[in-house]
Amino acid sequence: MRQYALAIGDFNPLYSDREFAQANGLRDVMAPPTLICDTWQYVDSDMDERGDLLGRGPIRELEGLRAGNEYEFFQTIHPDDVITAHWAVKDVYEKTGRTGSLVFQVIETTFYNQSEELLARNTETMFYRPEA
Amino acid sequence: MVTQTRRFEDIQIGDEITPLVKEIGMARMMAYGAATWDFIRLHYDADYAREAGFEAPFVDGQMMGGFLTQHVQDWAGVGAFLRKLAFRNRVMAYPGDSLTCHGVVTAVESTYEGGMVECDLWIENQRGEKVVDAANAMVRFQLQPGN
């Protein structure tokens, strides 16, 4: 959590100061909301020479670029939470534009805690240029 | 960094979300990759990125979500809960860029869940290009007793 906050440059004391967090009604410091959506920590695999984790999903032979994300947050997340991520490809479609054809992939990841409460949902759209 | 509380009752449509400036440096990009277990070389290996057709290693687009979260949460203050955040990446960001997060309140509504505020957000670089657009967020505020 501190490493993510440092990377963003976000020194909100809710992420680092337990007394401050508790004085503001939280049971402990909270994770920066997007942390669990952004981390690949749960992918238990080696990586390839591009630095891509091998367990990341079905379209890995092309370099993917990010079109955008939609996050929904349902609860604050704390250091004692054990998080389970469910990962699913929701859609794949092709669009032809000025620069040729692009393949879009929509991935939905849902995150639950140890009590099976929904914490967050991340709908992510990546795009790929098919090899000529 | 913001440690005060903003009152839902004081927020109006058209209010500006206090701008937030983020200077992009290689060290921050590296730290983000390490923090998120993302070791894609396009984000830190200059030779590799150029060979792949990019002018330099570029910022992981998800990092914009972290910046926008800070932007909105700093403005909304302690006690406000970020319910939703959506953004579209438009232009790559590179080391040396200076990014400014902007936003404006578009909807304010009291609901059974709390005081809901929606805002439109965007991120511009130092050349005035929209790096992120369109983006929007929904924040839940606690309602004051008696309302």
# chains A, B, ... in the order shown; residues from 1 in each chain; ligands from 1
>>> interface_residues(of="chain B", to="chain A", cutoff="7 Å", atoms="only C-alpha atoms", output="PDB file with N, CA and C atoms, in the first residue's frame")
ATOM      1  N   MET B   1      -2.132  16.787  -0.485  1.00  0.00           N
ATOM      2  CA  MET B   1      -2.703  15.960   0.580  1.00  0.00           C
ATOM      3  C   MET B   1      -3.759  16.763   1.320  1.00  0.00           C
ATOM      4  N   VAL B   2      -4.883  16.126   1.555  1.00  0.00           N
ATOM      5  CA  VAL B   2      -5.995  16.856   2.160  1.00  0.00           C
ATOM      6  C   VAL B   2      -6.490  16.081   3.366  1.00  0.00           C
ATOM      7  N   ARG B  28       9.204   7.449 -10.824  1.00  0.00           N
ATOM      8  CA  ARG B  28       7.814   7.226 -10.428  1.00  0.00           C
ATOM      9  C   ARG B  28       7.187   6.098 -11.275  1.00  0.00           C
ATOM     10  N   ALA B  31       8.556   2.907  -9.981  1.00  0.00           N
ATOM     11  CA  ALA B  31       7.942   2.581  -8.687  1.00  0.00           C
ATOM     12  C   ALA B  31       6.530   2.023  -8.894  1.00  0.00           C
ATOM     13  N   TYR B  32       5.822   2.568  -9.888  1.00  0.00           N
ATOM     14  CA  TYR B  32       4.457   2.094 -10.148  1.00  0.00           C
ATOM     15  C   TYR B  32       4.471   0.652 -10.665  1.00  0.00           C
ATOM     16  N   ALA B  35       5.207  -1.560  -7.723  1.00  0.00           N
ATOM     17  CA  ALA B  35       4.102  -1.619  -6.763  1.00  0.00           C
ATOM     18  C   ALA B  35       2.948  -2.465  -7.294  1.00  0.00           C
ATOM     19  N   THR B  36       2.808  -2.567  -8.613  1.00  0.00           N
ATOM     20  CA  THR B  36       1.662  -3.277  -9.190  1.00  0.00           C
ATOM     21  C   THR B  36       2.056  -4.606  -9.848  1.00  0.00           C
ATOM     22  N   TRP B  37       3.312  -5.021  -9.655  1.00  0.00           N
ATOM     23  CA  TRP B  37       3.802  -6.274 -10.252  1.00  0.00           C
ATOM     24  C   TRP B  37       3.641  -6.253 -11.765  1.00  0.00           C
ATOM     25  N   ASP B  38       3.899  -5.108 -12.363  1.00  0.00           N
ATOM     26  CA  ASP B  38       3.784  -4.983 -13.817  1.00  0.00           C
ATOM     27  C   ASP B  38       5.184  -4.723 -14.371  1.00  0.00           C
ATOM     28  N   PHE B  39       5.746  -5.714 -15.029  1.00  0.00           N
ATOM     29  CA  PHE B  39       7.147  -5.640 -15.447  1.00  0.00           C
ATOM     30  C   PHE B  39       7.283  -5.485 -16.963  1.00  0.00           C
ATOM     31  N   ILE B  40       6.196  -5.009 -17.617  1.00  0.00           N
ATOM     32  CA  ILE B  40       6.192  -4.784 -19.058  1.00  0.00           C
ATOM     33  C   ILE B  40       7.310  -3.794 -19.408  1.00  0.00           C
ATOM     34  N   ARG B  41       8.219  -4.217 -20.306  1.00  0.00           N
ATOM     35  CA  ARG B  41       9.421  -3.408 -20.589  1.00  0.00           C
ATOM     36  C   ARG B  41       9.091  -2.092 -21.284  1.00  0.00           C
ATOM     37  N   GLY B  61      -1.137   3.286 -18.515  1.00  0.00           N
ATOM     38  CA  GLY B  61      -2.392   4.049 -18.536  1.00  0.00           C
ATOM     39  C   GLY B  61      -3.197   3.936 -17.262  1.00  0.00           C
ATOM     40  N   GLN B  62      -3.022   2.837 -16.544  1.00  0.00           N
ATOM     41  CA  GLN B  62      -3.762   2.659 -15.288  1.00  0.00           C
ATOM     42  C   GLN B  62      -3.320   3.650 -14.220  1.00  0.00           C
ATOM     43  N   GLY B  65      -5.583   6.396 -13.354  1.00  0.00           N
ATOM     44  CA  GLY B  65      -6.633   6.129 -12.369  1.00  0.00           C
ATOM     45  C   GLY B  65      -6.168   6.488 -10.964  1.00  0.00           C
ATOM     46  N   GLY B  66      -4.900   6.196 -10.677  1.00  0.00           N
ATOM     47  CA  GLY B  66      -4.332   6.562  -9.380  1.00  0.00           C
ATOM     48  C   GLY B  66      -4.264   8.068  -9.209  1.00  0.00           C
ATOM     49  N   PHE B  67      -3.866   8.759 -10.296  1.00  0.00           N
ATOM     50  CA  PHE B  67      -3.801  10.228 -10.226  1.00  0.00           C
ATOM     51  C   PHE B  67      -5.196  10.827 -10.030  1.00  0.00           C
ATOM     52  N   GLN B  70      -6.494  10.406  -6.511  1.00  0.00           N
ATOM     53  CA  GLN B  70      -5.901  11.401  -5.619  1.00  0.00           C
ATOM     54  C   GLN B  70      -6.553  12.770  -5.843  1.00  0.00           C
ATOM     55  N   GLY B  79     -13.619  11.244   4.685  1.00  0.00           N
ATOM     56  CA  GLY B  79     -15.025  10.926   4.938  1.00  0.00           C
ATOM     57  C   GLY B  79     -15.803  10.712   3.655  1.00  0.00           C
ATOM     58  N   LEU B  82     -15.020   7.244  -2.665  1.00  0.00           N
ATOM     59  CA  LEU B  82     -15.036   7.165  -4.131  1.00  0.00           C
ATOM     60  C   LEU B  82     -15.810   5.917  -4.538  1.00  0.00           C
ATOM     61  N   ARG B  83     -16.969   6.116  -5.172  1.00  0.00           N
ATOM     62  CA  ARG B  83     -17.834   4.985  -5.564  1.00  0.00           C
ATOM     63  C   ARG B  83     -17.502   4.472  -6.963  1.00  0.00           C
ATOM     64  N   LYS B  84     -17.232   5.415  -7.882  1.00  0.00           N
ATOM     65  CA  LYS B  84     -16.977   5.023  -9.270  1.00  0.00           C
ATOM     66  C   LYS B  84     -15.922   5.938  -9.866  1.00  0.00           C
ATOM     67  N   LEU B  85     -15.149   5.364 -10.779  1.00  0.00           N
ATOM     68  CA  LEU B  85     -14.186   6.157 -11.541  1.00  0.00           C
ATOM     69  C   LEU B  85     -14.037   5.497 -12.908  1.00  0.00           C
ATOM     70  N   ALA B  86     -14.188   6.262 -13.961  1.00  0.00           N
ATOM     71  CA  ALA B  86     -14.016   5.733 -15.314  1.00  0.00           C
ATOM     72  C   ALA B  86     -13.174   6.712 -16.108  1.00  0.00           C
ATOM     73  N   PHE B  87     -12.314   6.195 -16.963  1.00  0.00           N
ATOM     74  CA  PHE B  87     -11.501   7.097 -17.787  1.00  0.00           C
ATOM     75  C   PHE B  87     -11.114   6.423 -19.093  1.00  0.00           C
ATOM     76  N   ARG B  88     -10.881   7.264 -20.106  1.00  0.00           N
ATOM     77  CA  ARG B  88     -10.386   6.801 -21.399  1.00  0.00           C
ATOM     78  C   ARG B  88      -9.006   7.405 -21.620  1.00  0.00           C
ATOM     79  N   ASN B  89      -8.047   6.573 -21.977  1.00  0.00           N
ATOM     80  CA  ASN B  89      -6.704   7.048 -22.301  1.00  0.00           C
ATOM     81  C   ASN B  89      -6.684   7.511 -23.753  1.00  0.00           C
TER      82      ASN B  89
END
>>> residues_around(residues="Gln126 (chain B)", least_positions_apart="5", cutoff="9 Å", atoms="only C-alpha atoms", output="count of residues only")
4
>>> closest_residue(among="B:Phe8, B:Tyr94, B:Tyr48, B:Phe58", to="Asn125 (chain B)", atoms="only C-alpha atoms")
B:Tyr94
>>> select_by_dssp(residues="region 55-109 of chain A", states="strand (DSSP E or B)", output="PyMOL selection string")
chain A and resi 65-73+84-97+100-109
>>> write_last_selection(atoms="N, CA and C atoms", output="compact mmCIF listing (two decimals), in the first residue's frame")
# COMPACT_ATOMS: atom_id res chain seq x y z
N LEU A 65 -2.61 -2.30 -25.74
CA LEU A 65 -2.57 -0.92 -25.24
C LEU A 65 -3.90 -0.61 -24.57
N ARG A 66 -3.86 0.31 -23.63
CA ARG A 66 -5.03 0.56 -22.81
C ARG A 66 -5.96 1.58 -23.46
N ALA A 67 -7.23 1.20 -23.58
CA ALA A 67 -8.23 2.16 -24.06
C ALA A 67 -8.88 2.87 -22.88
N GLY A 68 -9.04 2.16 -21.77
CA GLY A 68 -9.64 2.81 -20.60
C GLY A 68 -10.06 1.81 -19.55
N ASN A 69 -10.49 2.36 -18.41
CA ASN A 69 -10.94 1.54 -17.30
C ASN A 69 -12.19 2.15 -16.69
N GLU A 70 -13.02 1.26 -16.11
CA GLU A 70 -14.15 1.71 -15.30
C GLU A 70 -14.09 0.95 -13.98
N TYR A 71 -13.93 1.70 -12.92
CA TYR A 71 -13.86 1.08 -11.59
C TYR A 71 -15.15 1.37 -10.84
N GLU A 72 -15.58 0.37 -10.09
CA GLU A 72 -16.65 0.58 -9.12
C GLU A 72 -16.16 0.08 -7.78
N PHE A 73 -16.31 0.90 -6.76
CA PHE A 73 -15.82 0.53 -5.43
C PHE A 73 -17.01 0.42 -4.48
N THR A 84 -9.80 -12.11 -3.18
CA THR A 84 -9.89 -13.05 -4.30
C THR A 84 -10.35 -12.29 -5.53
N ALA A 85 -9.61 -12.46 -6.64
CA ALA A 85 -9.95 -11.78 -7.89
C ALA A 85 -10.54 -12.79 -8.86
N HIS A 86 -11.67 -12.45 -9.47
CA HIS A 86 -12.28 -13.27 -10.53
C HIS A 86 -12.13 -12.50 -11.83
N TRP A 87 -11.62 -13.16 -12.85
CA TRP A 87 -11.16 -12.51 -14.06
C TRP A 87 -11.93 -13.12 -15.23
N ALA A 88 -12.57 -12.33 -16.06
CA ALA A 88 -13.34 -12.88 -17.18
C ALA A 88 -13.26 -11.97 -18.39
N VAL A 89 -13.12 -12.56 -19.57
CA VAL A 89 -13.21 -11.79 -20.81
C VAL A 89 -14.69 -11.58 -21.10
N LYS A 90 -15.13 -10.32 -21.17
CA LYS A 90 -16.55 -10.03 -21.36
C LYS A 90 -16.89 -9.82 -22.83
N ASP A 91 -15.93 -9.33 -23.61
CA ASP A 91 -16.25 -9.01 -24.99
C ASP A 91 -14.95 -8.92 -25.80
N VAL A 92 -15.04 -9.30 -27.06
CA VAL A 92 -13.94 -9.09 -28.01
C VAL A 92 -14.58 -8.60 -29.29
N TYR A 93 -14.11 -7.46 -29.83
CA TYR A 93 -14.69 -6.95 -31.08
C TYR A 93 -13.62 -6.25 -31.89
N GLU A 94 -13.92 -6.09 -33.16
CA GLU A 94 -12.97 -5.47 -34.06
C GLU A 94 -13.55 -4.16 -34.56
N LYS A 95 -12.70 -3.14 -34.69
CA LYS A 95 -13.13 -1.85 -35.22
C LYS A 95 -12.15 -1.47 -36.31
N THR A 96 -12.69 -0.98 -37.43
CA THR A 96 -11.81 -0.55 -38.51
C THR A 96 -11.87 0.97 -38.61
N GLY A 97 -10.73 1.59 -38.47
CA GLY A 97 -10.67 3.05 -38.51
C GLY A 97 -9.66 3.51 -39.54
N GLY A 100 -6.45 1.53 -39.84
CA GLY A 100 -6.59 0.09 -40.04
C GLY A 100 -7.46 -0.52 -38.97
N SER A 101 -7.27 -1.80 -38.79
CA SER A 101 -8.18 -2.54 -37.94
C SER A 101 -7.59 -2.75 -36.54
N LEU A 102 -8.42 -2.62 -35.51
CA LEU A 102 -8.01 -2.83 -34.13
C LEU A 102 -8.93 -3.85 -33.49
N VAL A 103 -8.35 -4.69 -32.65
CA VAL A 103 -9.14 -5.65 -31.90
C VAL A 103 -9.22 -5.17 -30.45
N PHE A 104 -10.45 -5.05 -29.94
CA PHE A 104 -10.67 -4.62 -28.56
C PHE A 104 -11.04 -5.81 -27.70
N GLN A 105 -10.52 -5.82 -26.48
CA GLN A 105 -10.85 -6.87 -25.53
C GLN A 105 -11.31 -6.21 -24.23
N VAL A 106 -12.48 -6.61 -23.76
CA VAL A 106 -13.02 -6.07 -22.51
C VAL A 106 -12.92 -7.14 -21.43
N ILE A 107 -12.24 -6.81 -20.37
CA ILE A 107 -12.01 -7.76 -19.28
C ILE A 107 -12.67 -7.22 -18.02
N GLU A 108 -13.43 -8.06 -17.35
CA GLU A 108 -14.04 -7.65 -16.09
C GLU A 108 -13.41 -8.44 -14.96
N THR A 109 -12.89 -7.73 -13.97
CA THR A 109 -12.33 -8.39 -12.80
C THR A 109 -13.13 -7.95 -11.58
>>> select_by_dssp(residues="region 20-127 of chain A", states="helix (DSSP H, G or I)", output="MDAnalysis selection string")
chainID A and resid 20:23 35:38 54:56
>>> atom_distance(atom1="CA of Arg90 (chain B)", atom2="CA of Val105 (chain B)")
21.8 Å
>>> closest_residue(among="B:Leu143, B:Cys101, B:Val78, B:Met138", to="Ala23 (chain A)", atoms="only C-alpha atoms")
B:Val78
